[in-house]
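Working notes for the structure below.
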Amino acid sequence: MTAKAPGYKSVVTTMPIYYGWVVWFVAIVGTAASSPGQSFSVSLFMDYFIADFGLDRTTVSSLYGLGTFIASFGLTWLGRRLDLAGNRRTGVAIGFLFSLVLCLCSVINGPVMLLVAFIGIRGLGQGALCLVSSTAVANWFRSRRGRMMAYLALAYALFQGLYVNGLRALLDSLDWRAAFVVLGVAVSALVVPLFGFLMRDSPEEYGLLPDNQKAKRDAEAEDHPGAADVHEENWTLREAMRAPVLWLYMFARMLPSAWGTGLILHQVSIFAQLDHSAQVATETFALLSIFAAASALLAGYLIDRFQPSIVVVLAMLGLAGACLLAMIMRDTALLILYALASGLGLGIGYVFDGAVWTNMFGRRFQGEIRGFVFTAGIIGSAIGPALFGLSFDYAGGYGPALALGALLAMVVMALALVTSQPKRR
């Protein structure tokens, strides 16, 4: 993080508000623009893929899972490049590539191209664009990192409800191929100019510290670049991998990715088995988004004040409850409880990923570390849909997959209560 020359003037230092808020706004747009690569978006295209390509649900789910799995392996490499090149240049490149892939989805003609499309939209949308956006916020805030991630998750959760209904209306009025083109153009128009003109990599470049503190330019800082971070411990990925808590928390994030993705991707089918229409599924997801927003605010407060294990326990309670309720939610009250439990897991998850890893291991190598742990989450989201598809095709329903998810969540919850925080050797 190299500072600009003394006396350097820029929009960052002359703006009347702390520029971190501008970065936060750009991160909101970047996160929202990842939506076409998220499971709740792909779920609305599932039936079109099945009908147009003559595939069954298990095959499409497996292609989706395989594409997600393959895409995950590039995230550690991407994180390393992000640490070197910065969020601004990386965000512009990813925004352009993601919009191009979305437009090319309009020419999918079979399972092979469908797999390639899944690799592209999952790797660039769910993976890369979210990683670039959230690490940018983590660079500009420290003591308020949890709350800023909560506000980011709140904005995104509220956007999800609008987006799902808007995409459904778009698919009702346009062919699904044309809908992909519309999404691609929208991503390009939003992400590329905003990241290019407004994103900045770090406050240290402009004589600031996170949370709007003035950087101290003493002799130590002159001799040791990055000495402004003297109160922050920066772990390398190799060092972080020696901490048992890294692996536990990675698994704790993998589970909601796996079962949450399964629940969302197959939500129309799950609701149909319980005699609910697709409209009820969409309305429940909109309610879920509201609960996710409230949960994100709660998670931001807890992360800034308590050990991460408390947040992990709440997330696992939400996942276990969602899995159990998804087997029995036949009346309105249970649908609301399901939306509450699912929203708890979703809202906590994004805030956790954006704040906890950086709080534990520092900012300097956060791109590489978060790329590594993000891989686990994406692998989870690859496994989940396939498990749900197998459960449906071979057990006649989703019960076995849901019961397994609830059991694993309870095991992780118990382990989180007895695992200590990392200590650097």
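By convention here, the chains of the structure tokens are called A, B, ... in the order presented, each chain's residues are numbered starting at 1, and ligands are numbered starting at 1 in the order presented.
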Output as a tab-separated table one row per residue of region 272-322 of chain A within 9 Å of region 253-265 of chain A: the closest atom pair and its distance in Å to one decimal place, counting only C-alpha atoms, sorted by chain and residue number ascending.
residue	atom	partner	partner_atom	distance
A:Phe285	CA	A:Ile264	CA	8.5
A:Val312	CA	A:Arg253	CA	8.6
A:Ala315	CA	A:Pro256	CA	8.0
A:Met316	CA	A:Pro256	CA	7.9
A:Leu319	CA	A:Pro256	CA	6.5
A:Ala322	CA	A:Gly260	CA	8.8
Restricting the output to C-alpha atoms, write the selected residues as a short mmCIF file (atom, residue, chain, number, x, y, z; two decimals), in the first residue's frame.
data_model
loop_
_atom_site.label_atom_id
_atom_site.label_comp_id
_atom_site.auth_asym_id
_atom_site.auth_seq_id
_atom_site.Cartn_x
_atom_site.Cartn_y
_atom_site.Cartn_z
CA PHE A 285 -38.00 -15.69 -1.21
CA VAL A 312 -21.20 -19.32 13.48
CA ALA A 315 -25.76 -19.38 11.20
CA MET A 316 -25.85 -23.12 11.92
CA LEU A 319 -29.44 -23.68 8.46
CA ALA A 322 -34.42 -24.15 7.34
#
Give me the residues near Phe141 (chain A) as number ranges by chain, where near means some atom within 10 Å (using only C-alpha atoms) and where sequence neighbours in that chain fewer than 6 positions away do not count. A: 20-21, 24, 147-149, 202-203, 209-212, 355
Quick one: pick out all helix (DSSP H, G or I) residues within region 34-101 of chain A from a backbone DSSP run and write them as an NGL selection string. :A and (35-37 or 39-42 or 46-53 or 57-72 or 75-85 or 87-101)
Residues from last step as file, C-alpha atoms, as a PDB file, in the first residue's frame:
ATOM      1  CA  SER A  35     -26.847 -11.560  -9.108  1.00  0.00           C
ATOM      2  CA  PRO A  36     -27.050 -13.205 -12.573  1.00  0.00           C
ATOM      3  CA  GLY A  37     -24.376 -15.644 -11.381  1.00  0.00           C
ATOM      4  CA  SER A  39     -28.288 -19.521  -7.475  1.00  0.00           C
ATOM      5  CA  PHE A  40     -31.528 -17.574  -6.948  1.00  0.00           C
ATOM      6  CA  SER A  41     -31.124 -16.200 -10.482  1.00  0.00           C
ATOM      7  CA  VAL A  42     -30.134 -19.476 -12.155  1.00  0.00           C
ATOM      8  CA  MET A  46     -33.718 -24.175 -14.644  1.00  0.00           C
ATOM      9  CA  ASP A  47     -37.036 -25.239 -16.170  1.00  0.00           C
ATOM     10  CA  TYR A  48     -36.125 -23.580 -19.489  1.00  0.00           C
ATOM     11  CA  PHE A  49     -32.859 -25.527 -19.632  1.00  0.00           C
ATOM     12  CA  ILE A  50     -34.656 -28.786 -18.823  1.00  0.00           C
ATOM     13  CA  ALA A  51     -37.337 -28.232 -21.461  1.00  0.00           C
ATOM     14  CA  ASP A  52     -35.198 -26.835 -24.290  1.00  0.00           C
ATOM     15  CA  PHE A  53     -32.300 -29.301 -24.014  1.00  0.00           C
ATOM     16  CA  ARG A  57     -33.297 -32.176 -13.186  1.00  0.00           C
ATOM     17  CA  THR A  58     -30.389 -34.265 -11.891  1.00  0.00           C
ATOM     18  CA  THR A  59     -28.374 -33.672 -15.068  1.00  0.00           C
ATOM     19  CA  VAL A  60     -28.883 -29.905 -15.029  1.00  0.00           C
ATOM     20  CA  SER A  61     -28.122 -29.796 -11.288  1.00  0.00           C
ATOM     21  CA  SER A  62     -24.977 -31.869 -11.829  1.00  0.00           C
ATOM     22  CA  LEU A  63     -23.805 -29.615 -14.667  1.00  0.00           C
ATOM     23  CA  TYR A  64     -24.434 -26.620 -12.442  1.00  0.00           C
ATOM     24  CA  GLY A  65     -22.513 -28.236  -9.601  1.00  0.00           C
ATOM     25  CA  LEU A  66     -19.634 -29.286 -11.846  1.00  0.00           C
ATOM     26  CA  GLY A  67     -19.398 -25.829 -13.398  1.00  0.00           C
ATOM     27  CA  THR A  68     -19.369 -24.241  -9.959  1.00  0.00           C
ATOM     28  CA  PHE A  69     -16.738 -26.723  -8.761  1.00  0.00           C
ATOM     29  CA  ILE A  70     -14.413 -26.050 -11.710  1.00  0.00           C
ATOM     30  CA  ALA A  71     -14.853 -22.287 -11.341  1.00  0.00           C
ATOM     31  CA  SER A  72     -13.835 -22.393  -7.677  1.00  0.00           C
ATOM     32  CA  LEU A  75     -10.254 -18.030  -6.808  1.00  0.00           C
ATOM     33  CA  THR A  76      -7.011 -18.414  -4.854  1.00  0.00           C
ATOM     34  CA  TRP A  77      -5.087 -17.327  -7.960  1.00  0.00           C
ATOM     35  CA  LEU A  78      -7.524 -14.440  -8.441  1.00  0.00           C
ATOM     36  CA  GLY A  79      -7.099 -13.403  -4.814  1.00  0.00           C
ATOM     37  CA  ARG A  80      -3.332 -13.288  -5.287  1.00  0.00           C
ATOM     38  CA  ARG A  81      -3.751 -11.077  -8.370  1.00  0.00           C
ATOM     39  CA  LEU A  82      -6.192  -8.905  -6.434  1.00  0.00           C
ATOM     40  CA  ASP A  83      -3.609  -8.306  -3.708  1.00  0.00           C
ATOM     41  CA  LEU A  84      -1.124  -7.218  -6.376  1.00  0.00           C
ATOM     42  CA  ALA A  85      -3.248  -5.303  -8.903  1.00  0.00           C
ATOM     43  CA  ASN A  87      -9.639  -3.727  -6.569  1.00  0.00           C
ATOM     44  CA  ARG A  88      -9.999  -1.011  -9.190  1.00  0.00           C
ATOM     45  CA  ARG A  89      -8.300  -2.648 -12.161  1.00  0.00           C
ATOM     46  CA  THR A  90      -9.423  -6.131 -11.155  1.00  0.00           C
ATOM     47  CA  GLY A  91     -13.046  -5.008 -10.824  1.00  0.00           C
ATOM     48  CA  VAL A  92     -13.099  -3.409 -14.287  1.00  0.00           C
ATOM     49  CA  ALA A  93     -11.667  -6.558 -15.896  1.00  0.00           C
ATOM     50  CA  ILE A  94     -14.087  -8.885 -14.098  1.00  0.00           C
ATOM     51  CA  GLY A  95     -17.095  -6.696 -14.848  1.00  0.00           C
ATOM     52  CA  PHE A  96     -16.288  -6.699 -18.568  1.00  0.00           C
ATOM     53  CA  LEU A  97     -15.680 -10.471 -18.714  1.00  0.00           C
ATOM     54  CA  PHE A  98     -18.809 -11.276 -16.712  1.00  0.00           C
ATOM     55  CA  SER A  99     -21.019  -9.153 -18.972  1.00  0.00           C
ATOM     56  CA  LEU A 100     -19.491 -10.837 -22.036  1.00  0.00           C
ATOM     57  CA  VAL A 101     -20.180 -14.318 -20.634  1.00  0.00           C
TER      58      VAL A 101
END
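What separates CA of Leu297 (chain A) from CA of Leu154 (chain A) is a distance of 6.9 Å.
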Selection: 12 Å around Asp331 (chain A), only C-alpha atoms, excl. self and same-chain fewer than 3 positions, as a list of chain:residue names: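 Listing them by chain and then by number gives A:Phe271, A:Leu274, A:Asp275, A:His276, A:Val280, A:Leu325, A:Ala326, A:Met327, A:Ile328, A:Leu334, A:Leu335, A:Ile336, A:Leu337, A:Tyr338.
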At a cut-off of 8 Å, using only C-alpha atoms, what residues contact Leu288 (chain A)? Leave out same-chain residues fewer than 2 positions from it and give the result as a PyMOL selection string. chain A and resi 284-286+290-292+339-340+342-343
Could you take the residues named above and write them with C-alpha atoms, as a CSV table (one decimal), in the first residue's frame?
chain,number,residue,atom,x,y,z
A,284,THR,CA,-41.4,-16.5,0.3
A,285,PHE,CA,-38.0,-15.7,-1.2
A,286,ALA,CA,-38.9,-12.0,-1.1
A,290,ILE,CA,-36.1,-9.1,4.3
A,291,PHE,CA,-35.2,-11.4,7.1
A,292,ALA,CA,-31.7,-11.7,5.6
A,339,ALA,CA,-38.0,-17.6,5.5
A,340,LEU,CA,-36.8,-16.4,8.9
A,342,SER,CA,-33.1,-19.2,5.8
A,343,GLY,CA,-32.7,-15.4,6.0
Counting only C-alpha atoms, the residue of A:Ala150, A:Ala243, A:Met250, A:Asn165 that sits nearest Ser295 (chain A): A:Ala150
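The two atoms in question, CA of Val187 (chain A) and CA of Val29 (chain A), are spaced 9.3 Å apart.
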CA of Ser34 (chain A) to CA of Gln126 (chain A), straight-line distance in Å: 5.8 Å
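Each of A:Arg144, A:Gln307, A:Phe388, A:Ala27 was compared to Gln267 (chain A) using only C-alpha atoms, and A:Phe388 turns out to be the nearest.
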Go through A:Ala414, A:Val351, A:Thr358, A:Phe392 and flag the residue nearest Gly146 (chain A), using only C-alpha atoms for the distances.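 Ranked by minimum distance to Gly146 (chain A), first place goes to A:Val351.
Counting only C-alpha atoms, the residue from A:His266, A:Arg364, A:Arg168, A:Lys423 that sits nearest to Glu204 (chain A) is A:Arg364.
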